[in-house]
Structures are given as structure tokens and as C-alpha cells.
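Source file: start.pdb. Holds: PDB, C-alpha atoms and all ligand atoms.
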```
ATOM      1  CA  MET U   1      56.027   2.908 -98.277
ATOM      2  CA  THR U   2      55.288  -0.476 -99.670
ATOM      3  CA  GLN U   3      52.449  -2.685 -98.437
ATOM      4  CA  GLN U   4      55.070  -4.992 -96.889
ATOM      5  CA  ASN U   5      56.577  -2.198 -94.768
ATOM      6  CA  THR U   6      53.222  -0.927 -93.505
ATOM      7  CA  THR U   7      52.278  -4.370 -92.205
ATOM      8  CA  THR U   8      55.656  -4.850 -90.537
ATOM      9  CA  PHE U   9      55.648  -1.575 -88.630
ATOM     10  CA  SER U  10      52.005  -1.524 -87.646
ATOM     11  CA  SER U  11      52.142  -4.831 -85.803
ATOM     12  CA  VAL U  12      54.019  -5.224 -82.505
ATOM     13  CA  GLY U  13      54.249  -8.946 -83.068
ATOM     14  CA  ALA U  14      55.967  -8.345 -86.318
ATOM     15  CA  VAL U  15      58.407  -5.918 -84.709
ATOM     16  CA  LEU U  16      59.259  -8.567 -82.150
ATOM     17  CA  GLN U  17      59.573 -11.107 -84.886
ATOM     18  CA  GLU U  18      62.140  -8.891 -86.470
ATOM     19  CA  ARG U  19      64.183  -8.712 -83.225
ATOM     20  CA  LEU U  20      63.991 -12.443 -82.613
ATOM     21  CA  LYS U  21      66.573 -13.965 -84.803
ATOM     22  CA  GLU U  22      66.829 -17.646 -85.448
ATOM     23  CA  THR U  23      70.414 -18.773 -84.903
ATOM     24  CA  ASP U  24      72.288 -21.698 -86.392
ATOM     25  CA  GLU U  25      72.615 -23.383 -82.982
ATOM     26  CA  THR U  26      70.078 -26.120 -82.125
ATOM     27  CA  CYS U  27      68.652 -27.292 -78.783
ATOM     28  CA  PRO U  28      70.164 -30.696 -77.933
ATOM     29  CA  ILE U  29      66.835 -31.784 -76.462
ATOM     30  CA  HIS U  30      64.295 -30.456 -78.904
ATOM     31  CA  LYS U  31      66.491 -30.346 -82.016
ATOM     32  CA  ILE U  32      65.126 -26.971 -83.017
ATOM     33  CA  ASN U  33      67.012 -23.783 -83.751
ATOM     34  CA  LEU U  34      67.717 -21.483 -80.843
ATOM     35  CA  ILE U  35      66.382 -17.955 -80.961
ATOM     36  CA  SER U  36      68.449 -14.916 -80.164
ATOM     37  CA  ALA U  37      66.284 -12.177 -78.671
ATOM     38  CA  PHE U  38      67.365  -8.547 -78.471
ATOM     39  CA  GLY U  39      70.950  -9.597 -78.857
ATOM     40  CA  LYS U  40      70.877 -11.638 -75.620
ATOM     41  CA  ALA U  41      71.928 -15.278 -75.136
ATOM     42  CA  SER U  42      70.104 -17.645 -77.456
ATOM     43  CA  ILE U  43      67.283 -19.745 -76.070
ATOM     44  CA  CYS U  44      65.159 -22.684 -77.130
ATOM     45  CA  MET U  45      61.488 -21.649 -77.315
ATOM     46  CA  GLU U  46      60.356 -25.165 -76.422
ATOM     47  CA  CYS U  47      62.625 -25.305 -73.318
ATOM     48  CA  GLY U  48      61.170 -21.920 -72.331
ATOM     49  CA  ARG U  49      57.594 -23.158 -72.682
ATOM     50  CA  GLU U  50      58.409 -26.256 -70.610
ATOM     51  CA  ALA U  51      59.991 -24.175 -67.843
ATOM     52  CA  ILE U  52      56.862 -22.010 -67.604
ATOM     53  CA  ALA U  53      54.587 -25.093 -67.573
ATOM     54  CA  LYS U  54      56.723 -26.655 -64.814
ATOM     55  CA  ARG U  55      56.525 -23.493 -62.738
ATOM     56  CA  ASP U  56      52.743 -23.376 -63.169
ATOM     57  CA  GLN U  57      52.508 -27.012 -62.156
ATOM     58  CA  GLU U  58      54.654 -26.441 -59.055
ATOM     59  CA  LEU U  59      52.576 -23.436 -58.100
ATOM     60  CA  ALA U  60      49.363 -25.457 -58.454
ATOM     61  CA  GLU U  61      50.800 -28.291 -56.330
ATOM     62  CA  GLU U  62      51.962 -25.837 -53.677
ATOM     63  CA  THR U  63      48.488 -24.266 -53.534
ATOM     64  CA  MET U  64      46.867 -27.687 -53.276
ATOM     65  CA  LYS U  65      49.210 -28.686 -50.447
ATOM     66  CA  GLU U  66      48.434 -25.473 -48.571
ATOM     67  CA  HIS U  67      44.746 -26.177 -49.027
ATOM     68  CA  VAL U  68      44.985 -29.707 -47.604
ATOM     69  CA  LYS U  69      47.176 -28.488 -44.758
ATOM     70  CA  ARG U  70      44.680 -25.786 -43.839
ATOM     71  CA  LYS U  71      41.944 -28.393 -43.932
ATOM     72  CA  THR U  72      43.728 -30.609 -41.380
ATOM     73  CA  GLN U  73      44.619 -27.649 -39.180
ATOM     74  CA  TYR U  74      40.947 -26.842 -39.342
ATOM     75  CA  TRP U  75      40.235 -30.270 -37.863
ATOM     76  CA  LEU U  76      42.408 -29.692 -34.828
ATOM     77  CA  GLU U  77      41.396 -26.078 -34.329
ATOM     78  CA  ARG U  78      37.694 -26.221 -35.064
ATOM     79  CA  ARG U  79      36.469 -29.757 -34.556
ATOM     80  CA  SER U  80      38.205 -30.419 -31.272
ATOM     81  CA  VAL U  81      35.927 -30.410 -28.238
ATOM     82  CA  PHE U  82      37.285 -28.762 -25.081
ATOM     83  CA  LEU U  83      36.716 -25.731 -22.911
ATOM     84  CA  ASP U  84      40.174 -24.810 -21.584
ATOM     85  CA  GLU U  85      41.223 -22.121 -24.077
ATOM     86  CA  THR U  86      44.759 -21.943 -22.616
ATOM     87  CA  LEU U  87      45.389 -25.333 -24.234
ATOM     88  CA  ARG U  88      45.218 -23.808 -27.713
ATOM     89  CA  LYS U  89      48.596 -22.210 -27.044
ATOM     90  CA  ALA U  90      50.190 -25.320 -25.561
ATOM     91  CA  SER U  91      53.280 -26.575 -27.360
ATOM     92  CA  PHE U  92      56.561 -28.345 -26.670
ATOM     93  CA  GLU U  93      58.266 -24.961 -27.033
ATOM     94  CA  ASN U  94      56.417 -23.395 -24.114
ATOM     95  CA  TYR U  95      56.468 -26.487 -21.875
ATOM     96  CA  LYS U  96      58.938 -25.727 -19.095
ATOM     97  CA  GLU U  97      61.217 -28.356 -17.677
ATOM     98  CA  ASP U  98      60.889 -27.477 -14.006
ATOM     99  CA  ASP U  99      62.314 -30.646 -12.572
ATOM    100  CA  GLU U 100      63.546 -34.080 -13.473
ATOM    101  CA  GLU U 101      60.038 -35.481 -13.973
ATOM    102  CA  THR U 102      58.797 -32.756 -16.343
ATOM    103  CA  ALA U 103      62.035 -33.005 -18.344
ATOM    104  CA  ARG U 104      61.768 -36.787 -18.611
ATOM    105  CA  ASN U 105      58.066 -36.711 -19.526
ATOM    106  CA  LYS U 106      58.534 -34.044 -22.157
ATOM    107  CA  GLU U 107      61.324 -36.098 -23.699
ATOM    108  CA  GLN U 108      59.141 -39.220 -23.738
ATOM    109  CA  ALA U 109      56.179 -37.330 -25.216
ATOM    110  CA  LEU U 110      58.417 -35.988 -27.976
ATOM    111  CA  LYS U 111      59.781 -39.446 -28.699
ATOM    112  CA  ILE U 112      56.271 -40.918 -28.964
ATOM    113  CA  ALA U 113      55.099 -38.009 -31.144
ATOM    114  CA  ARG U 114      57.989 -38.776 -33.511
ATOM    115  CA  GLU U 115      56.917 -42.421 -33.604
ATOM    116  CA  TYR U 116      53.305 -41.440 -34.336
ATOM    117  CA  PHE U 117      54.666 -39.220 -37.084
ATOM    118  CA  SER U 118      56.367 -42.310 -38.525
ATOM    119  CA  GLY U 119      53.149 -44.342 -38.374
ATOM    120  CA  ALA U 120      53.092 -46.059 -34.946
ATOM    121  CA  THR U 121      49.563 -47.075 -33.885
ATOM    122  CA  TYR U 122      49.883 -47.931 -30.169
ATOM    123  CA  ASN U 123      48.043 -45.904 -27.516
ATOM    124  CA  THR U 124      49.664 -43.593 -24.976
ATOM    125  CA  ILE U 125      48.438 -42.942 -21.433
ATOM    126  CA  PHE U 126      49.198 -39.781 -19.455
ATOM    127  CA  THR U 127      48.394 -40.306 -15.801
ATOM    128  CA  GLY U 128      48.887 -38.350 -12.605
ATOM    129  CA  LYS U 129      48.051 -35.339 -10.521
ATOM    130  CA  PRO U 130      45.954 -32.376 -11.739
ATOM    131  CA  GLY U 131      47.655 -29.373 -13.330
ATOM    132  CA  THR U 132      50.912 -31.153 -14.091
ATOM    133  CA  GLY U 133      50.832 -30.765 -17.867
ATOM    134  CA  LYS U 134      49.143 -33.929 -19.167
ATOM    135  CA  SER U 135      46.755 -32.020 -21.419
ATOM    136  CA  HIS U 136      49.505 -29.556 -22.354
ATOM    137  CA  LEU U 137      51.879 -32.288 -23.528
ATOM    138  CA  SER U 138      49.190 -34.284 -25.338
ATOM    139  CA  MET U 139      48.104 -31.167 -27.241
ATOM    140  CA  SER U 140      51.761 -30.508 -28.082
ATOM    141  CA  MET U 141      52.032 -34.008 -29.545
ATOM    142  CA  LEU U 142      48.964 -33.448 -31.737
ATOM    143  CA  LYS U 143      50.385 -30.185 -32.998
ATOM    144  CA  VAL U 144      53.753 -31.549 -34.105
ATOM    145  CA  VAL U 145      52.151 -34.516 -35.857
ATOM    146  CA  ASN U 146      49.563 -32.232 -37.454
ATOM    147  CA  GLU U 147      52.154 -29.743 -38.656
ATOM    148  CA  HIS U 148      54.743 -32.125 -40.008
ATOM    149  CA  SER U 149      52.822 -35.067 -41.444
ATOM    150  CA  GLU U 150      52.696 -35.592 -45.149
ATOM    151  CA  PRO U 151      50.183 -36.786 -46.222
ATOM    152  CA  PHE U 152      48.460 -34.663 -43.628
ATOM    153  CA  ARG U 153      46.768 -36.321 -40.688
ATOM    154  CA  LYS U 154      43.552 -35.423 -38.980
ATOM    155  CA  CYS U 155      44.329 -34.674 -35.330
ATOM    156  CA  LEU U 156      41.633 -34.117 -32.744
ATOM    157  CA  PHE U 157      41.604 -33.135 -29.062
ATOM    158  CA  VAL U 158      38.483 -34.096 -27.119
ATOM    159  CA  SER U 159      37.707 -33.488 -23.476
ATOM    160  CA  ILE U 160      35.645 -36.552 -22.652
ATOM    161  CA  ASP U 161      33.640 -34.712 -20.013
ATOM    162  CA  GLU U 162      32.597 -31.948 -22.439
ATOM    163  CA  LEU U 163      31.932 -34.465 -25.223
ATOM    164  CA  MET U 164      29.546 -36.507 -23.075
ATOM    165  CA  ARG U 165      27.827 -33.330 -21.914
ATOM    166  CA  ARG U 166      27.254 -32.219 -25.526
ATOM    167  CA  ILE U 167      26.033 -35.642 -26.623
ATOM    168  CA  LYS U 168      23.566 -35.753 -23.736
ATOM    169  CA  ASP U 169      22.436 -32.242 -24.606
ATOM    170  CA  SER U 170      21.752 -33.395 -28.189
ATOM    171  CA  PHE U 171      19.032 -35.756 -26.903
ATOM    172  CA  LYS U 172      16.754 -32.818 -26.254
ATOM    173  CA  ASN U 173      18.202 -30.393 -28.791
ATOM    174  CA  LYS U 174      17.213 -31.536 -32.293
ATOM    175  CA  ASP U 175      19.508 -29.054 -34.081
ATOM    176  CA  SER U 176      22.613 -30.109 -32.203
ATOM    177  CA  GLN U 177      25.561 -31.208 -34.308
ATOM    178  CA  TYR U 178      26.868 -33.233 -31.369
ATOM    179  CA  THR U 179      24.714 -36.303 -31.792
ATOM    180  CA  GLU U 180      26.104 -39.573 -30.510
ATOM    181  CA  GLN U 181      26.356 -40.989 -34.028
ATOM    182  CA  ARG U 182      28.174 -37.958 -35.427
ATOM    183  CA  MET U 183      30.563 -37.779 -32.506
ATOM    184  CA  ILE U 184      31.456 -41.455 -32.804
ATOM    185  CA  GLU U 185      32.142 -40.899 -36.505
ATOM    186  CA  LEU U 186      34.236 -37.821 -35.752
ATOM    187  CA  LEU U 187      36.330 -39.549 -33.089
ATOM    188  CA  THR U 188      36.836 -42.753 -35.049
ATOM    189  CA  GLY U 189      37.686 -40.713 -38.172
ATOM    190  CA  ALA U 190      40.590 -38.861 -36.547
ATOM    191  CA  ASP U 191      44.041 -40.211 -37.440
ATOM    192  CA  LEU U 192      45.405 -39.212 -34.044
ATOM    193  CA  LEU U 193      43.058 -38.557 -31.131
ATOM    194  CA  VAL U 194      43.466 -37.246 -27.600
ATOM    195  CA  ILE U 195      40.789 -38.388 -25.157
ATOM    196  CA  ASP U 196      41.370 -35.855 -22.421
ATOM    197  CA  ASP U 197      40.638 -36.392 -18.745
ATOM    198  CA  LEU U 198      39.159 -39.863 -18.771
ATOM    199  CA  GLY U 199      37.222 -40.396 -15.563
ATOM    200  CA  ALA U 200      36.160 -36.756 -15.210
ATOM    201  CA  GLU U 201      32.982 -37.469 -17.186
ATOM    202  CA  THR U 202      31.633 -39.646 -14.369
ATOM    203  CA  GLY U 203      31.618 -36.588 -12.127
ATOM    204  CA  ALA U 204      33.172 -38.619  -9.336
ATOM    205  CA  ILE U 205      35.425 -36.802  -6.909
ATOM    206  CA  ASP U 206      36.447 -40.073  -5.378
ATOM    207  CA  SER U 207      37.135 -42.695  -7.973
ATOM    208  CA  ASP U 208      34.820 -45.393  -6.691
ATOM    209  CA  LYS U 209      31.952 -44.421  -8.925
ATOM    210  CA  ALA U 210      31.419 -46.663 -11.944
ATOM    211  CA  ALA U 211      30.925 -45.135 -15.377
ATOM    212  CA  SER U 212      27.358 -45.124 -16.646
ATOM    213  CA  ASN U 213      26.275 -47.643 -19.260
ATOM    214  CA  PHE U 214      25.873 -44.838 -21.730
ATOM    215  CA  THR U 215      29.450 -43.570 -21.260
ATOM    216  CA  THR U 216      30.799 -47.101 -21.464
ATOM    217  CA  LYS U 217      28.845 -47.796 -24.657
ATOM    218  CA  THR U 218      30.012 -44.573 -26.318
ATOM    219  CA  LEU U 219      33.649 -45.018 -25.298
ATOM    220  CA  TYR U 220      33.540 -48.606 -26.455
ATOM    221  CA  ALA U 221      32.258 -47.619 -29.900
ATOM    222  CA  ILE U 222      35.071 -45.069 -30.146
ATOM    223  CA  VAL U 223      38.002 -47.266 -29.076
ATOM    224  CA  ASN U 224      36.664 -50.191 -31.079
ATOM    225  CA  GLY U 225      36.452 -48.038 -34.186
ATOM    226  CA  ARG U 226      40.050 -46.974 -33.641
ATOM    227  CA  ALA U 227      41.596 -50.430 -33.594
ATOM    228  CA  ASN U 228      44.345 -49.386 -36.038
ATOM    229  CA  LYS U 229      44.705 -45.776 -35.068
ATOM    230  CA  PRO U 230      46.646 -44.296 -32.153
ATOM    231  CA  THR U 231      44.852 -42.682 -29.228
ATOM    232  CA  ILE U 232      46.392 -40.635 -26.433
ATOM    233  CA  ILE U 233      44.461 -40.811 -23.179
ATOM    234  CA  THR U 234      44.970 -38.486 -20.234
ATOM    235  CA  THR U 235      43.583 -39.235 -16.787
ATOM    236  CA  ASN U 236      44.015 -38.453 -13.091
ATOM    237  CA  LEU U 237      43.359 -42.092 -12.316
ATOM    238  CA  ASN U 238      45.755 -44.988 -12.008
ATOM    239  CA  SER U 239      45.133 -48.399 -13.539
ATOM    240  CA  LYS U 240      43.501 -49.724 -10.372
ATOM    241  CA  GLU U 241      41.050 -46.839 -10.233
ATOM    242  CA  LEU U 242      40.315 -47.106 -13.944
ATOM    243  CA  THR U 243      39.543 -50.804 -13.570
ATOM    244  CA  LYS U 244      36.977 -49.979 -10.886
ATOM    245  CA  MET U 245      35.338 -47.409 -13.097
ATOM    246  CA  TYR U 246      35.203 -49.065 -16.505
ATOM    247  CA  ASP U 247      34.530 -52.564 -17.696
ATOM    248  CA  SER U 248      37.551 -54.722 -18.387
ATOM    249  CA  LYS U 249      36.933 -55.059 -22.137
ATOM    250  CA  LEU U 250      36.908 -51.300 -22.504
ATOM    251  CA  ILE U 251      40.069 -50.940 -20.389
ATOM    252  CA  SER U 252      41.921 -53.525 -22.420
ATOM    253  CA  ARG U 253      41.003 -51.718 -25.656
ATOM    254  CA  MET U 254      42.088 -48.377 -24.230
ATOM    255  CA  PHE U 255      45.433 -49.789 -23.096
ATOM    256  CA  ARG U 256      46.187 -51.318 -26.505
ATOM    257  CA  GLY U 257      49.959 -51.169 -26.971
ATOM    258  CA  ALA U 258      50.331 -48.712 -24.090
ATOM    259  CA  GLU U 259      52.972 -50.755 -22.296
ATOM    260  CA  GLY U 260      56.132 -48.661 -22.331
ATOM    261  CA  HIS U 261      54.078 -45.651 -23.394
ATOM    262  CA  ILE U 262      52.706 -44.595 -20.040
ATOM    263  CA  ILE U 263      53.739 -41.121 -18.969
ATOM    264  CA  SER U 264      53.075 -40.510 -15.320
ATOM    265  CA  PHE U 265      53.278 -37.427 -13.107
ATOM    266  CA  LYS U 266      53.890 -38.207  -9.464
ATOM    267  CA  GLU U 267      56.144 -35.402  -8.220
ATOM    268  CA  THR U 268      55.349 -32.369 -10.368
ATOM    269  CA  ASN U 269      53.418 -29.560  -8.665
ATOM    270  CA  ASP U 270      50.019 -28.380  -9.853
ATOM    271  CA  LYS U 271      50.824 -25.552 -12.303
ATOM    272  CA  ARG U 272      47.406 -23.992 -11.805
ATOM    273  CA  ILE U 273      48.042 -23.227  -8.150
ATOM    274  CA  SER U 274      50.059 -20.048  -7.937
ATOM    275  CA  VAL U 275      48.957 -18.930  -4.475
ATOM    276  CA  GLU U 276      49.822 -20.778  -1.331
ATOM    277  CA  PHE U 277      47.450 -21.044   1.605
TER     278      PHE U 277
HETATM  279  N1  LIG N 301      55.712 -27.712 -17.536
HETATM  280  C1  LIG N 301      54.851 -26.753 -17.911
HETATM  281  N2  LIG N 301      55.286 -25.648 -18.561
HETATM  282  C2  LIG N 301      54.442 -24.674 -18.916
HETATM  283  N3  LIG N 301      53.118 -24.694 -18.675
HETATM  284  C3  LIG N 301      52.616 -25.753 -18.036
HETATM  285  C4  LIG N 301      53.439 -26.836 -17.624
HETATM  286  N4  LIG N 301      52.661 -27.760 -17.024
HETATM  287  C5  LIG N 301      51.418 -27.276 -17.058
HETATM  288  N5  LIG N 301      51.367 -26.073 -17.661
HETATM  289  C6  LIG N 301      50.192 -25.203 -17.841
HETATM  290  O1  LIG N 301      49.434 -25.318 -16.654
HETATM  291  C7  LIG N 301      48.057 -25.492 -16.942
HETATM  292  C8  LIG N 301      47.587 -26.849 -16.444
HETATM  293  O2  LIG N 301      48.218 -27.864 -17.215
HETATM  294  P1  LIG N 301      47.387 -29.046 -17.881
HETATM  295  O3  LIG N 301      46.027 -28.560 -18.225
HETATM  296  O4  LIG N 301      48.177 -29.619 -18.963
HETATM  297  O5  LIG N 301      47.321 -30.022 -16.642
HETATM  298  P2  LIG N 301      46.718 -31.483 -16.536
HETATM  299  O6  LIG N 301      47.792 -32.366 -16.050
HETATM  300  O7  LIG N 301      46.058 -31.832 -17.820
HETATM  301  O8  LIG N 301      45.644 -31.293 -15.369
HETATM  302  P3  LIG N 301      44.253 -32.052 -15.155
HETATM  303  O9  LIG N 301      44.585 -33.391 -14.598
HETATM  304  O10 LIG N 301      43.549 -31.214 -14.136
HETATM  305  O11 LIG N 301      43.557 -32.103 -16.436
HETATM  306  C9  LIG N 301      47.901 -25.311 -18.430
HETATM  307  O12 LIG N 301      47.592 -23.978 -18.717
HETATM  308  C10 LIG N 301      49.285 -25.664 -18.955
HETATM  309  O13 LIG N 301      49.551 -24.995 -20.181
HETATM  310 MG    MG N 302      44.050 -32.047 -18.302
HETATM  311 ZN    ZN N 303      64.924 -27.136 -75.982
END
```
Go ahead and express the file in the form of C-alpha cells.
Amino acid sequence: MTQQNTTTFSSVGAVLQERLKETDETCPIHKINLISAFGKASICMECGREAIAKRDQELAEETMKEHVKRKTQYWLERRSVFLDETLRKASFENYKEDDEETARNKEQALKIAREYFSGATYNTIFTGKPGTGKSHLSMSMLKVVNEHSEPFRKCLFVSIDELMRRIKDSFKNKDSQYTEQRMIELLTGADLLVIDDLGAETGAIDSDKAASNFTTKTLYAIVNGRANKPTIITTNLNSKELTKMYDSKLISRMFRGAEGHIISFKETNDKRISVEF
């Protein structure tokens, strides 16, 4: 055996080299000779390298997108402030159209969600009786916007009653993450926000009680900081009752662009009451 033969047969690369035959055909793009491998169709090595690089790039982009998406889902799932765990499952899919009003309101909520998806910035008000699906529909709106937006949008659901309770608790609890400053930043930072159950935080059964200065100040900082971002507000109160409870500057900020985007429940039955007495 000659030196030449020993080298050839001892190296896998060299064996491959021997099976990869350069053909007379050239790649129209790269102007290099195509290679015929193991008797199969001839290929351009440069085109092959580019295809692999493109696939790697696509894979990296896909991973990045997943990462960002998870991050925004994290916002809605983990940063939201509310106690009613049943709301986590709320969606348009499981919202039943029991009567004309629920059907109409679901349709309107879907329409507004689509407009938010396309960049609308006006506010929406859900008003009406307890247990009629105001929180359910507003959560559903957040979910569709959160799931379908690209670039992804930070969506947040906040029960105003629970938020105020946590902020007040932070006054005496130094380790609390729910400081007034941080909560204002969180709520103004959200791209789409639900302020759930406005009015409940005053603890008033009848709606004659005025909101405290502290609540007014906090709410004002939030709605002021969201001048260009949409907010969905749910409440049991009507406009007259709201006006009694909050100062007019705050009300006018909260109702920004809400004309035509007020979803009200007047006839629907309370879905929480399943026993009659
Ligand atoms: N049309 C519906 N289809 C399916 N589930 C519903 C419907 N309406 C309400 N629910 C469910 O009933 C419960 C009460 O609804 P929800 O919390 O949305 O009421 P609400 O109008 O926000 O009441 P409140 O004014 O007391 O806050 C929730 O668990 C919700 O998922
Ligand atoms: Mg509610
Ligand atoms: Zn090529």
C-alpha cells in the first residue's frame, strides 16, 4: 500500500471526499460547481449552508417570540391583582348567551377587543347588576388581546378593592411589594388594563358614600398616567352614582372616549345565585 492509499482510507473525511463528486453543472446563484453526493441529485454547497443558516435563524426568532409571549402572559397571570379565582378561566368561549342582553353585550365586547387589538385607545365601561358577567367579559377581552397581539401587549386585571387594600397594608408592612408608587407604575405601565369593580373599594353598600381622598388621589394618578392607553372599567354603579362618589375631574378622565363603548347589564340575572329563596 502506498502512502497515498493509507491516508485516503484511514480518514473518514477523505472517504466522503471520494464519494462527493464535483459535477460540471454550476449553481446559478453562487456560480460554483454543484456536488453530486452518493449518486444523488447534485447540490450547491453554498445553497445548503444558507438553508441551514436560515433555519437556525428562524428557530432563534421563534424561540425569542415564545419568550416574549410567555413574558406578557406572565403579566396577566402573575401581576394581576384579584381574588376571584374563577375569573382565571373566563373567556369568550365559555361565556353563555342566555338571553338577548348577554348575546348583545358579548358581541360588543368582542368588537371592542378587536378594536383594542388594532390599536384603539378609548376606555370601555361595563356597568350593571352583580353577577351578570362584567368581570368575565372584561377578562375575556384581555385574554384575546394578550394572545393575539404582535408585538405583544402587557395586559393586567386589577380588582380596585383588593388593590387599595394591599396598598394600605403596605403602609405598615415594609417588605410589601404593593407600595403605592409601585402599583401606580404597574397600572400605568400596562398596555391594556381592567379596573374591576370601581366603587367597591369605598365599602359603601349604598352608593352615597364619597371615595376617600387617598383613593381619589391614587385613581387619579393611574388614569392620568394612562392618557394614551385604553382602560376597561367595570362597576355596579351608574353615571349618576359615580358622580356622587368621585370628583368630576377623575370621572371625566375615566370616561375618556367611552361614549359608544358602554356595556350595560340591566336584565341579566345574577349568575352567582343558583338557589332560589
Ligand atoms: N353569561 C355567562 N356565561 C358563563 N358564565 C358566566 C356568565 N355570566 C357570568 N358568569 C360567571 O358567573 C360568575 C359571576 O360573573 P362576574 O364575576 O363576571 O360578574 P360581575 O358582573 O363582574 O359581578 P359583580 O358586579 O358582582 O362584580 C363568574 O364566575 C362568571 O364566570
Ligand atoms: Mg365583577
Ligand atoms: Zn448555490
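Taking all atoms listed in the file into account, ligand LIG 301 (chain N) has within 7 Å the residues U:Thr86, U:Leu87, U:Ala90, U:Asn94, U:Tyr95, U:Lys96, U:Glu97, U:Asp98, U:Thr102, U:Gly128, U:Lys129, U:Pro130, U:Gly131, U:Thr132, U:Gly133, U:Lys134, U:Ser135, U:His136, U:Leu137, U:Asp197, U:Thr235, U:Asn236, U:Lys271, U:Arg272.
Taking only C-alpha atoms and all ligand atoms into account, ligand ZN 303 (chain N) lies nearest to U:Glu50 out of the set U:Lys240, U:Glu50, U:Ser36, U:Tyr74.
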What are the closest atom pairs, with distances in Å to one decimal, for all residues of chain U lying within 10 Å of ligand ZN 303 (chain N)? Consider only C-alpha atoms and all ligand atoms, order rows by chain and residue number, and present the result as a Markdown table.
```
| residue | atom | partner | partner_atom | distance |
| --- | --- | --- | --- | --- |
| U:Thr26 | CA | N:ZN303 | ZN | 8.1 |
| U:Cys27 | CA | N:ZN303 | ZN | 4.7 |
| U:Pro28 | CA | N:ZN303 | ZN | 6.6 |
| U:Ile29 | CA | N:ZN303 | ZN | 5.0 |
| U:His30 | CA | N:ZN303 | ZN | 4.5 |
| U:Lys31 | CA | N:ZN303 | ZN | 7.0 |
| U:Ile32 | CA | N:ZN303 | ZN | 7.0 |
| U:Asn33 | CA | N:ZN303 | ZN | 8.7 |
| U:Leu34 | CA | N:ZN303 | ZN | 8.0 |
| U:Ile43 | CA | N:ZN303 | ZN | 7.8 |
| U:Cys44 | CA | N:ZN303 | ZN | 4.6 |
| U:Met45 | CA | N:ZN303 | ZN | 6.6 |
| U:Glu46 | CA | N:ZN303 | ZN | 5.0 |
| U:Cys47 | CA | N:ZN303 | ZN | 4.0 |
| U:Gly48 | CA | N:ZN303 | ZN | 7.4 |
| U:Arg49 | CA | N:ZN303 | ZN | 9.0 |
| U:Glu50 | CA | N:ZN303 | ZN | 8.5 |
| U:Ala51 | CA | N:ZN303 | ZN | 10.0 |
```
Practice task
Just say which residues the PyMOL selection byres (((chain U and resi 145) around 9) and not hetatm) picks in this file, as a PyMOL selection string.
Solution key: chain U and resi 113-114+116-117+140-144+146-149+152-153+155+192
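Separating CA of Ile195 in chain U from CA of Ile160 in chain U is a distance of 6.0 Å.
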